[in-house]
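**Q** Next comes model-v6.csv, CSV, C-alpha atoms:
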chain,number,residue,atom,x,y,z
N,1,MET,CA,0.0,0.0,0.0
N,2,TYR,CA,2.8,2.4,0.9
N,3,CYS,CA,4.6,1.5,-2.2
N,4,SER,CA,1.8,2.6,-4.5
N,5,GLN,CA,1.3,5.8,-2.5
N,6,ALA,CA,5.0,6.6,-2.8
N,7,VAL,CA,4.6,6.5,-6.6
N,8,VAL,CA,1.1,8.0,-7.1
N,9,LEU,CA,1.3,11.0,-4.8
N,10,PRO,CA,4.3,12.7,-6.5
N,11,LEU,CA,2.8,12.0,-9.9
N,12,ASP,CA,-0.8,13.1,-9.3
N,13,TYR,CA,-0.2,15.9,-6.8
N,14,ALA,CA,3.3,17.0,-7.8
N,15,LEU,CA,4.7,16.4,-4.2
N,16,ASN,CA,8.3,16.2,-3.5
N,17,LEU,CA,9.8,13.2,-1.8
N,18,ALA,CA,9.9,14.8,1.7
N,19,ASP,CA,6.1,15.7,1.5
N,20,THR,CA,5.2,12.2,0.2
N,21,ALA,CA,7.1,10.6,3.1
N,22,GLN,CA,5.4,12.8,5.6
N,23,ILE,CA,1.9,12.0,4.2
N,24,ILE,CA,2.5,8.2,4.2
N,25,GLY,CA,4.2,8.3,7.5
N,26,VAL,CA,7.7,7.1,6.6
N,27,SER,CA,11.2,8.6,6.3
N,28,PRO,CA,12.2,10.2,3.0
N,29,GLY,CA,14.8,7.6,2.5
N,30,TRP,CA,12.2,4.8,3.0
N,31,ALA,CA,9.8,6.6,0.6
N,32,CYS,CA,12.5,6.7,-2.0
N,33,GLN,CA,13.3,3.0,-1.5
N,34,LEU,CA,9.6,2.1,-1.8
N,35,ARG,CA,9.4,4.0,-5.1
N,36,ARG,CA,12.5,2.3,-6.5
N,37,ARG,CA,11.2,-1.1,-5.5
N,38,PHE,CA,7.8,-0.5,-7.1
N,39,MET,CA,9.4,0.7,-10.3
N,40,ALA,CA,11.7,-2.4,-10.3
N,41,GLY,CA,8.6,-4.6,-10.0
N,42,GLN,CA,9.3,-5.9,-6.5
N,43,VAL,CA,6.4,-6.6,-4.2
N,44,VAL,CA,6.8,-4.8,-0.8
N,45,GLY,CA,5.0,-5.6,2.4
N,46,THR,CA,3.5,-9.0,1.6
N,47,ALA,CA,4.2,-12.1,3.6
N,48,ASP,CA,6.2,-13.7,0.8
N,49,ALA,CA,8.4,-10.7,0.2
N,50,ALA,CA,12.1,-11.1,0.9
N,51,LYS,CA,13.1,-10.0,4.4
N,52,ALA,CA,16.3,-8.5,5.7
N,53,GLY,CA,18.7,-10.8,7.5
N,54,GLY,CA,20.3,-14.1,6.8
N,55,ARG,CA,23.9,-15.0,5.9
N,56,ARG,CA,24.5,-13.0,2.8
N,57,ARG,CA,28.3,-12.8,3.2
N,58,GLN,CA,28.9,-16.4,4.3
N,59,ASN,CA,32.0,-18.2,3.3
N,60,MET,CA,30.4,-21.6,3.4
N,61,THR,CA,27.0,-23.0,4.0
N,62,LYS,CA,26.3,-24.5,7.5
N,63,GLN,CA,26.6,-28.0,6.1
N,64,GLU,CA,30.0,-27.2,4.4
N,65,GLU,CA,31.2,-25.7,7.7
N,66,CYS,CA,30.2,-28.9,9.6
N,67,GLU,CA,32.1,-31.1,7.1
N,68,PHE,CA,35.1,-28.7,7.3
N,69,LEU,CA,35.2,-28.8,11.1
N,70,ALA,CA,34.5,-32.5,11.5
N,71,PRO,CA,38.1,-33.8,11.6
N,72,PHE,CA,39.3,-31.0,13.9
N,73,LEU,CA,36.4,-31.5,16.4
N,74,ALA,CA,36.8,-35.3,16.2
N,75,SER,CA,40.5,-35.1,17.2
N,76,ALA,CA,39.7,-32.6,20.0
N,77,ALA,CA,37.0,-34.9,21.4
N,78,VAL,CA,39.4,-37.8,22.0
N,79,GLY,CA,41.7,-35.7,24.1
N,80,GLY,CA,43.5,-33.7,21.5
N,81,ILE,CA,43.7,-30.0,21.5
N,82,LEU,CA,41.8,-27.8,19.1
N,83,VAL,CA,44.5,-25.6,17.6
N,84,VAL,CA,42.9,-22.5,16.1
N,85,SER,CA,45.9,-21.6,14.0
N,86,LYS,CA,45.8,-24.9,12.2
N,87,ILE,CA,42.0,-24.5,11.5
N,88,LYS,CA,42.8,-21.0,10.2
N,89,MET,CA,45.4,-22.3,7.8
N,90,ALA,CA,43.1,-25.0,6.5
N,91,LEU,CA,40.2,-22.5,6.1
N,92,ASP,CA,42.5,-20.1,4.2
N,93,GLN,CA,43.4,-23.0,1.9
N,94,ALA,CA,39.9,-24.2,1.5
N,95,LEU,CA,38.6,-20.7,0.6
N,96,GLY,CA,41.6,-19.8,-1.6
N,97,ARG,CA,42.2,-16.6,0.3
N,98,LYS,CA,43.1,-15.4,3.8
N,99,VAL,CA,40.4,-14.8,6.4
N,100,ALA,CA,40.7,-13.0,9.7
N,101,LEU,CA,41.3,-15.0,12.9
N,102,SER,CA,37.9,-13.7,14.2
N,103,SER,CA,36.2,-15.5,11.3
N,104,VAL,CA,37.6,-18.8,12.6
N,105,TYR,CA,36.4,-18.1,16.1
N,106,ASN,CA,33.0,-17.1,14.8
N,107,LEU,CA,32.9,-20.4,12.8
N,108,LEU,CA,33.7,-22.4,15.9
N,109,HIS,CA,31.2,-20.5,18.0
N,110,ARG,CA,28.4,-21.2,15.4
N,111,HIS,CA,29.1,-24.9,15.9
N,112,GLY,CA,29.0,-25.0,19.7
N,113,TRP,CA,32.7,-24.9,20.4
N,114,ARG,CA,33.8,-23.0,23.4
N,115,LYS,CA,37.3,-22.4,24.9
N,116,LEU,CA,37.8,-24.6,27.9
N,117,ALA,CA,40.5,-24.1,30.5
N,118,PRO,CA,43.1,-26.9,30.6
N,119,ASP,CA,43.0,-29.5,33.3
N,120,LYS,CA,45.0,-29.0,36.5
N,121,ARG,CA,47.1,-32.1,35.7
N,122,HIS,CA,48.3,-33.9,32.6
N,123,PRO,CA,46.2,-37.0,31.8
N,124,GLN,CA,49.4,-39.1,31.5
N,125,SER,CA,51.0,-37.8,34.8
N,126,ASP,CA,52.0,-40.2,37.5
N,127,PRO,CA,51.2,-38.9,41.0
N,128,VAL,CA,53.2,-41.5,42.8
N,129,ALA,CA,56.4,-40.6,40.8
N,130,GLN,CA,55.8,-37.0,41.5
N,131,GLN,CA,55.6,-37.6,45.2
N,132,GLU,CA,58.7,-39.6,45.2
N,133,TRP,CA,60.6,-36.9,43.3
N,134,LYS,CA,59.4,-34.3,45.9
N,135,LYS,CA,60.6,-36.4,48.8
N,136,ASN,CA,64.1,-37.1,47.3
N,137,PHE,CA,64.8,-33.8,45.7
N,138,LEU,CA,67.6,-31.8,47.4
N,139,LYS,CA,66.3,-28.5,48.6
N,140,ARG,CA,69.5,-26.6,47.9
N,141,SER,CA,72.9,-27.6,46.5
N,142,ALA,CA,75.9,-26.9,48.7
N,143,LYS,CA,77.4,-25.0,45.8
N,144,SER,CA,74.5,-22.6,45.3
N,145,ALA,CA,74.5,-19.2,46.7
N,146,ALA,CA,72.5,-18.4,49.8
N,147,THR,CA,69.2,-16.8,49.0
N,148,GLY,CA,67.7,-13.7,50.5
N,149,ARG,CA,69.0,-10.3,51.3
N,150,ARG,CA,72.8,-9.9,51.7
N,151,VAL,CA,74.1,-8.2,54.7
N,152,LYS,CA,77.0,-5.9,54.3
N,153,GLN,CA,80.0,-7.1,56.3
N,154,SER,CA,82.0,-4.5,58.2
N,155,ASN,CA,85.8,-4.7,58.8
Would you mind writing the structure in this file as structure tokens?
**A**
Amino acid sequence: MYCSQAVVLPLDYALNLADTAQIIGVSPGWACQLRRRFMAGQVVGTADAAKAGGRRRQNMTKQEECEFLAPFLASAAVGGILVVSKIKMALDQALGRKVALSSVYNLLHRHGWRKLAPDKRHPQSDPVAQQEWKKNFLKRSAKSAATGRRVKQSN
């Protein structure tokens, strides 16, 4: 409805764009856009009209992203570490151009990855061997210098 008014009012009543926008209750920029869309044959304001939003500047579809990330996430799931720099290099190669590091983090975020803090101990550590080492370790070598503040000796 607004679309037709944005076209008809200037033609029939010789109104400028600002007056037309004020009459139909939109901004002058939107009135101009409505006129251009009408002249281009686009339908505006209906349920089947294209809406703003979506991933217009995507590098890959979501399915392609899943397939690309699958080997990296699989290796990370079995105790490996997810190395973002390796994913970035693979993504650069797959796309044939360099992408920003933030693009890799956004890609991982879209697929549910989050940065986790490392464990307090290594999975292959041996607590018994560590305790033995602590018991048998010399606190200070006889050849090492005394620690702490040095006191100036007087003659």
**Q** For the atom pair CA of Leu34 in chain N and CA of Arg57 in chain N, what is the interatomic distance in Å to one decimal place?
**A**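 We find that CA of Leu34 in chain N and CA of Arg57 in chain N lie 24.4 Å from each other.
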**Q** I'd like to know which of N:Ala40, N:Ile23, N:Leu69, N:Leu15 is closest to Gly112 in chain N, using only C-alpha atoms.
**A** N:Leu69
**Q** Interatomic distance between CA of Ile24 in chain N and CA of Gly53 in chain N?
**A**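 CA of Gly53 in chain N lies 25.2 Å from CA of Ile24 in chain N.
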**Q** Between CA of Phe68 in chain N and CA of Leu91 in chain N, what distance in Å does the model show, to one decimal?
**A** 8.1 Å
**Q** Rank nothing, just name the residue among N:Ala74, N:Val7, N:Cys66, N:Ala129 nearest to Ala21 in chain N, using all atoms listed in the file.
**A** N:Val7
**Q** Looking at all atoms listed in the file, which of N:Ala94, N:Gln63, N:Ala31, N:Ser103 is the one that sits closest to Leu9 in chain N?
**A**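 Of N:Ala94, N:Gln63, N:Ala31, N:Ser103, the one nearest Leu9 in chain N is N:Ala31, counting all atoms listed in the file.
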**Q** Just checking: using only C-alpha atoms, which residue out of N:Cys3, N:Leu107, N:Met89, N:Val83 ends up closest to Thr61 in chain N?
**A**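 Using only C-alpha atoms, the shortest distance to Thr61 in chain N belongs to N:Leu107.
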**Q** Could you pull the residues within 9 Å of Leu82 in chain N, counting all atoms listed in the file, minus those fewer than 5 positions along the same chain, as a VMD selection string?
**A** chain N and resid 72 to 73 75 to 77 87
**Q** Measuring between all atoms listed in the file, which one of N:Asp92, N:Asp126, N:Asp19, N:Glu65 shows the shortest distance to Asn106 in chain N?
**A**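 The answer is N:Glu65, which sits nearest to Asn106 in chain N.
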